[in-house]
Structure formats: structure tokens, C-alpha cells
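Just below is one structure, and these are the notes that go with it.
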Amino acid sequence: QVQLVESGGGSAQAGGSLRLSCAASGFAYDPSTNIMGWFRQAPGKEREGVASISPSGGLTAYADSVKGRFTISRDNAKNTLYLQMNSLKTEDTAMYYCTTGPRALGGGLKSTAYWYWGQGTQVTVSS
């Protein structure tokens, strides 16, 4: 099993910044083979992929809506995933989820590539 615990959510004004963190643990978690990602879900909308990162951190992918504003990173020594969110927009308001899955499933921005999910952290952006 893998446990994922997100933190860092909260409220921000449009144009502001927030940094999300996700601490991973559990016997099934191996940072050298697990792809990690961030997804979000706004009220009344489907969950969508925001960003993903390869085990080494050398490969990343972003949704078009966040490119140039969000940065995903990971610290494998600390088993922690991050999402730096800059130039926030009101449409970024959503519950943000950390997720991880085996490299064999390819990662990316499709939820089917991931096995374990955190409980989520709320991000609210006001104008």
C-alpha cells in the first residue's frame, strides 16, 4: 500500500502563488519506479490531470491550462512531491489530488495510469 498526504492548499488572490506538497509513504512506494502526478477536480466537473513527473524528475508533463504557470517537482530523498502554482487564476479553484503509479503504466495526465490517491487539498482563488 501507498499513503499520500497533501498539504499547502488554501486561499489566494488571482495572480498570487501557492505551493502544494505531497508526502508519500508505504511499503509499495518506490521513488525510483513510481511516476507521480497532480490532478484536480472543480465542483461539477470531471477530475483532470494537471501535471506529472517521472521517477528521476527529468520528464514532466503539464495540462495546457497550467503550462508556464505551474511547476511540478519531487524530492526522492524526502519522498515528497511538490506543485508550485504561480499566476493563479480563479479557474484554478479546485480540490487538488496527489497520485502515484508504476512507471509501466506510462504516467501522463490520464487517471487510469495511477493506482494510489491522496485525500486532496482545497485551493480557492478569488478575484
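Ordering of the C-alpha cells sets the chain letters (A, B, ...), residue numbers begin anew at 1 in every chain, and ligands are numbered from 1 in the order given.
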With a distance cut-off of 7 Å and only C-alpha atoms, select the neighbouring residues of Gln41 in chain A, excluding the residue or stretch itself and same-chain residues fewer than 4 positions from it, and output the selection as a PDB file with all heavy atoms, in the first residue's frame.
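Result went into part-v1.pdb, see below:
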ATOM      1  N   LYS A  45     -17.368  19.323 -12.182  1.00  0.00           N
ATOM      2  CA  LYS A  45     -16.508  18.979 -13.317  1.00  0.00           C
ATOM      3  C   LYS A  45     -15.796  17.661 -13.067  1.00  0.00           C
ATOM      4  O   LYS A  45     -15.691  17.201 -11.936  1.00  0.00           O
ATOM      5  CB  LYS A  45     -15.487  20.088 -13.564  1.00  0.00           C
ATOM      6  CG  LYS A  45     -16.100  21.409 -14.010  1.00  0.00           C
ATOM      7  CD  LYS A  45     -15.026  22.396 -14.395  1.00  0.00           C
ATOM      8  CE  LYS A  45     -15.630  23.693 -14.908  1.00  0.00           C
ATOM      9  NZ  LYS A  45     -14.577  24.670 -15.316  1.00  0.00           N
ATOM     10  N   GLU A  46     -15.302  17.070 -14.141  1.00  0.00           N
ATOM     11  CA  GLU A  46     -14.554  15.830 -14.019  1.00  0.00           C
ATOM     12  C   GLU A  46     -13.141  16.109 -13.511  1.00  0.00           C
ATOM     13  O   GLU A  46     -12.604  17.203 -13.689  1.00  0.00           O
ATOM     14  CB  GLU A  46     -14.477  15.122 -15.381  1.00  0.00           C
ATOM     15  CG  GLU A  46     -15.814  14.612 -15.878  1.00  0.00           C
ATOM     16  CD  GLU A  46     -15.668  13.794 -17.153  1.00  0.00           C
ATOM     17  OE1 GLU A  46     -14.560  13.716 -17.695  1.00  0.00           O
ATOM     18  OE2 GLU A  46     -16.676  13.232 -17.612  1.00  0.00           O
ATOM     19  N   ARG A  47     -12.560  15.082 -12.896  1.00  0.00           N
ATOM     20  CA  ARG A  47     -11.181  15.204 -12.451  1.00  0.00           C
ATOM     21  C   ARG A  47     -10.278  15.313 -13.681  1.00  0.00           C
ATOM     22  O   ARG A  47     -10.443  14.570 -14.653  1.00  0.00           O
ATOM     23  CB  ARG A  47     -10.791  13.993 -11.613  1.00  0.00           C
ATOM     24  CG  ARG A  47      -9.434  14.101 -10.962  1.00  0.00           C
ATOM     25  CD  ARG A  47      -9.191  12.954 -10.007  1.00  0.00           C
ATOM     26  NE  ARG A  47     -10.124  12.954  -8.880  1.00  0.00           N
ATOM     27  CZ  ARG A  47      -9.989  12.157  -7.834  1.00  0.00           C
ATOM     28  NH1 ARG A  47      -8.971  11.297  -7.763  1.00  0.00           N
ATOM     29  NH2 ARG A  47     -10.875  12.197  -6.861  1.00  0.00           N
ATOM     30  N   GLU A  48      -9.315  16.224 -13.636  1.00  0.00           N
ATOM     31  CA  GLU A  48      -8.420  16.419 -14.765  1.00  0.00           C
ATOM     32  C   GLU A  48      -6.965  16.389 -14.316  1.00  0.00           C
ATOM     33  O   GLU A  48      -6.631  16.812 -13.211  1.00  0.00           O
ATOM     34  CB  GLU A  48      -8.704  17.754 -15.467  1.00  0.00           C
ATOM     35  CG  GLU A  48      -8.453  18.980 -14.611  1.00  0.00           C
ATOM     36  CD  GLU A  48      -8.561  20.275 -15.400  1.00  0.00           C
ATOM     37  OE1 GLU A  48      -8.607  20.232 -16.635  1.00  0.00           O
ATOM     38  OE2 GLU A  48      -8.588  21.347 -14.749  1.00  0.00           O
ATOM     39  N   ALA A  94     -10.129  24.447  -7.131  1.00  0.00           N
ATOM     40  CA  ALA A  94     -10.474  23.027  -7.209  1.00  0.00           C
ATOM     41  C   ALA A  94      -9.883  22.294  -6.014  1.00  0.00           C
ATOM     42  O   ALA A  94      -9.073  22.853  -5.269  1.00  0.00           O
ATOM     43  CB  ALA A  94      -9.930  22.412  -8.501  1.00  0.00           C
ATOM     44  N   MET A  95     -10.281  21.050  -5.878  1.00  0.00           N
ATOM     45  CA  MET A  95      -9.603  20.144  -4.950  1.00  0.00           C
ATOM     46  C   MET A  95      -8.446  19.526  -5.717  1.00  0.00           C
ATOM     47  O   MET A  95      -8.646  19.016  -6.821  1.00  0.00           O
ATOM     48  CB  MET A  95     -10.560  19.065  -4.463  1.00  0.00           C
ATOM     49  CG  MET A  95      -9.958  18.159  -3.408  1.00  0.00           C
ATOM     50  SD  MET A  95      -9.788  18.992  -1.816  1.00  0.00           S
ATOM     51  CE  MET A  95     -11.482  18.888  -1.239  1.00  0.00           C
ATOM     52  N   TYR A  96      -7.258  19.578  -5.146  1.00  0.00           N
ATOM     53  CA  TYR A  96      -6.066  19.049  -5.793  1.00  0.00           C
ATOM     54  C   TYR A  96      -5.651  17.737  -5.141  1.00  0.00           C
ATOM     55  O   TYR A  96      -5.542  17.646  -3.912  1.00  0.00           O
ATOM     56  CB  TYR A  96      -4.930  20.061  -5.722  1.00  0.00           C
ATOM     57  CG  TYR A  96      -5.092  21.189  -6.713  1.00  0.00           C
ATOM     58  CD1 TYR A  96      -6.072  22.161  -6.541  1.00  0.00           C
ATOM     59  CD2 TYR A  96      -4.283  21.269  -7.847  1.00  0.00           C
ATOM     60  CE1 TYR A  96      -6.251  23.178  -7.463  1.00  0.00           C
ATOM     61  CE2 TYR A  96      -4.450  22.302  -8.771  1.00  0.00           C
ATOM     62  CZ  TYR A  96      -5.430  23.249  -8.566  1.00  0.00           C
ATOM     63  OH  TYR A  96      -5.603  24.257  -9.485  1.00  0.00           O
TER      64      TYR A  96
END
Env of Thr33 in chain A: 12 Å cut, atoms = only C-alpha atoms, seq-sep filter 4 positions within chain, self excluded. Answer as an NGL selection string.
:A and (28-29 or 53-57 or 76 or 100-107)
How many Å lie between CA of Tyr114 in chain A and CA of Ser21 in chain A, rounded to one decimal?
17.8 Å
Selected residue of minimal separation from Gly68 in chain A among A:Asp92, A:Gly108, A:Asn86, A:Ser52, counting only C-alpha atoms
A:Asn86
Ranking A:Ser126, A:Ser73, A:Asn79, A:Thr90 by minimum distance to Trp38 in chain A and counting only C-alpha atoms, which one comes first?
A:Ser73
Can you list, as a list in words, every protein, DNA or RNA residue that comes within 8 Å of Val2 in chain A when you count only C-alpha atoms, leaving out same-chain residues fewer than 6 positions away?
Ala24, Ser25, Gly26, Phe27, Ala28, Tyr29 and Tyr116 of chain A
Just the selected residues (N, CA, C and O atoms), exported as an mmCIF file, in the first residue's frame, please.
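Saved file again_28.cif follows:
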data_model
loop_
_atom_site.group_PDB
_atom_site.id
_atom_site.type_symbol
_atom_site.label_atom_id
_atom_site.label_comp_id
_atom_site.auth_asym_id
_atom_site.auth_seq_id
_atom_site.Cartn_x
_atom_site.Cartn_y
_atom_site.Cartn_z
ATOM 1 N N ALA A 24 4.722 10.943 0.545
ATOM 2 C CA ALA A 24 4.410 9.558 0.203
ATOM 3 C C ALA A 24 5.059 8.600 1.185
ATOM 4 O O ALA A 24 6.187 8.820 1.634
ATOM 5 N N SER A 25 4.353 7.527 1.491
ATOM 6 C CA SER A 25 4.905 6.501 2.373
ATOM 7 C C SER A 25 4.230 5.169 2.076
ATOM 8 O O SER A 25 3.258 5.113 1.332
ATOM 9 N N GLY A 26 4.781 4.099 2.663
ATOM 10 C CA GLY A 26 4.205 2.785 2.470
ATOM 11 C C GLY A 26 5.178 1.826 1.806
ATOM 12 O O GLY A 26 6.038 2.243 1.030
ATOM 13 N N PHE A 27 5.007 0.553 2.073
ATOM 14 C CA PHE A 27 5.968 -0.435 1.581
ATOM 15 C C PHE A 27 5.937 -0.573 0.067
ATOM 16 O O PHE A 27 6.887 -1.024 -0.547
ATOM 17 N N ALA A 28 4.828 -0.194 -0.552
ATOM 18 C CA ALA A 28 4.716 -0.356 -2.005
ATOM 19 C C ALA A 28 5.248 0.857 -2.757
ATOM 20 O O ALA A 28 5.270 0.848 -3.987
ATOM 21 N N TYR A 29 5.684 1.869 -2.033
ATOM 22 C CA TYR A 29 6.163 3.083 -2.702
ATOM 23 C C TYR A 29 7.661 2.996 -2.935
ATOM 24 O O TYR A 29 8.439 2.799 -2.000
ATOM 25 N N TYR A 116 -2.715 4.973 -6.693
ATOM 26 C CA TYR A 116 -2.945 5.463 -5.328
ATOM 27 C C TYR A 116 -3.220 6.963 -5.358
ATOM 28 O O TYR A 116 -2.592 7.696 -6.130
#
Who sits within 7 Å of Ala12 in chain A, only C-alpha atoms, same chain under 2 positions skipped, as a VMD selection string:
chain A and resid 10 14 16 to 17 124 to 126
Could you turn the residues from that selection into a file that holds N, CA and C atoms, as an mmCIF file, in the first residue's frame?
data_model
loop_
_atom_site.group_PDB
_atom_site.id
_atom_site.type_symbol
_atom_site.label_atom_id
_atom_site.label_comp_id
_atom_site.auth_asym_id
_atom_site.auth_seq_id
_atom_site.Cartn_x
_atom_site.Cartn_y
_atom_site.Cartn_z
ATOM 1 N N GLY A 10 -5.129 26.207 0.214
ATOM 2 C CA GLY A 10 -5.670 27.349 0.942
ATOM 3 C C GLY A 10 -6.265 28.345 -0.020
ATOM 4 N N ALA A 14 -6.191 36.080 -7.168
ATOM 5 C CA ALA A 14 -5.754 35.910 -8.546
ATOM 6 C C ALA A 14 -4.424 36.637 -8.740
ATOM 7 N N GLY A 16 -1.707 35.447 -7.472
ATOM 8 C CA GLY A 16 -0.858 35.000 -6.375
ATOM 9 C C GLY A 16 -0.279 33.622 -6.595
ATOM 10 N N SER A 17 0.345 33.110 -5.533
ATOM 11 C CA SER A 17 1.025 31.811 -5.621
ATOM 12 C C SER A 17 0.683 30.931 -4.426
ATOM 13 N N THR A 124 -8.469 27.608 -3.368
ATOM 14 C CA THR A 124 -9.507 28.560 -3.733
ATOM 15 C C THR A 124 -8.856 29.875 -4.136
ATOM 16 N N VAL A 125 -9.138 30.303 -5.355
ATOM 17 C CA VAL A 125 -8.555 31.532 -5.879
ATOM 18 C C VAL A 125 -9.672 32.548 -6.096
ATOM 19 N N SER A 126 -9.512 33.701 -5.503
ATOM 20 C CA SER A 126 -10.533 34.747 -5.612
ATOM 21 C C SER A 126 -10.011 35.912 -6.442
#
List every residue of range 3-126 of chain A that DSSP, applied to the backbone of this structure, places in helix (DSSP H, G or I), and write the result as a PDB file with N, CA, C and O atoms, in the first residue's frame.
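Final output, saved to selection-v5.pdb:
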ATOM      1  N   THR A  90      -8.808  32.360 -11.161  1.00  0.00           N
ATOM      2  CA  THR A  90      -9.996  31.868 -10.456  1.00  0.00           C
ATOM      3  C   THR A  90     -10.379  30.481 -10.936  1.00  0.00           C
ATOM      4  O   THR A  90     -10.892  29.673 -10.155  1.00  0.00           O
ATOM      5  N   GLU A  91     -10.094  30.187 -12.191  1.00  0.00           N
ATOM      6  CA  GLU A  91     -10.432  28.861 -12.715  1.00  0.00           C
ATOM      7  C   GLU A  91      -9.519  27.754 -12.200  1.00  0.00           C
ATOM      8  O   GLU A  91      -9.729  26.586 -12.501  1.00  0.00           O
ATOM      9  N   ASP A  92      -8.501  28.102 -11.435  1.00  0.00           N
ATOM     10  CA  ASP A  92      -7.660  27.087 -10.792  1.00  0.00           C
ATOM     11  C   ASP A  92      -8.297  26.576  -9.505  1.00  0.00           C
ATOM     12  O   ASP A  92      -7.787  25.634  -8.886  1.00  0.00           O
ATOM     13  N   ARG A 103       5.705   2.984 -13.169  1.00  0.00           N
ATOM     14  CA  ARG A 103       6.216   3.515 -14.432  1.00  0.00           C
ATOM     15  C   ARG A 103       5.695   2.745 -15.635  1.00  0.00           C
ATOM     16  O   ARG A 103       5.492   3.319 -16.702  1.00  0.00           O
ATOM     17  N   ALA A 104       5.412   1.476 -15.429  1.00  0.00           N
ATOM     18  CA  ALA A 104       4.947   0.622 -16.527  1.00  0.00           C
ATOM     19  C   ALA A 104       3.631   1.104 -17.132  1.00  0.00           C
ATOM     20  O   ALA A 104       3.324   0.807 -18.288  1.00  0.00           O
ATOM     21  N   LEU A 105       2.843   1.860 -16.372  1.00  0.00           N
ATOM     22  CA  LEU A 105       1.573   2.350 -16.888  1.00  0.00           C
ATOM     23  C   LEU A 105       1.711   3.657 -17.658  1.00  0.00           C
ATOM     24  O   LEU A 105       0.732   4.149 -18.211  1.00  0.00           O
ATOM     25  N   SER A 111      -5.965   9.503 -15.567  1.00  0.00           N
ATOM     26  CA  SER A 111      -6.098   8.943 -14.235  1.00  0.00           C
ATOM     27  C   SER A 111      -5.927   7.432 -14.213  1.00  0.00           C
ATOM     28  O   SER A 111      -5.571   6.863 -13.179  1.00  0.00           O
ATOM     29  N   THR A 112      -6.142   6.784 -15.342  1.00  0.00           N
ATOM     30  CA  THR A 112      -6.016   5.327 -15.402  1.00  0.00           C
ATOM     31  C   THR A 112      -4.585   4.859 -15.226  1.00  0.00           C
ATOM     32  O   THR A 112      -4.349   3.673 -15.012  1.00  0.00           O
ATOM     33  N   ALA A 113      -3.624   5.754 -15.317  1.00  0.00           N
ATOM     34  CA  ALA A 113      -2.216   5.384 -15.157  1.00  0.00           C
ATOM     35  C   ALA A 113      -1.780   5.376 -13.699  1.00  0.00           C
ATOM     36  O   ALA A 113      -0.627   5.067 -13.402  1.00  0.00           O
TER      37      ALA A 113
END
Residue nearest Gly9 in chain A among A:Lys89, A:Lys67, A:Leu59, A:Tyr97 (counting only C-alpha atoms)
A:Tyr97
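Straight-line separation from CA of Ala61 in chain A to CA of Leu20 in chain A: 16.9 Å.
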Considering only C-alpha atoms, state which residue in the set A:Cys98, A:Val123, A:Leu4, A:Leu109 is at the smallest distance from Ala63 in chain A.
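Nearest candidate to Ala63 in chain A out of A:Cys98, A:Val123, A:Leu4, A:Leu109: A:Leu109.
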Given only C-alpha atoms as the basis, pick out the residue of A:Gly49, A:Gly8, A:Gln1, A:Gln13 nearest to Lys110 in chain A.
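Among the listed residues, A:Gly49 lies closest to Lys110 in chain A.
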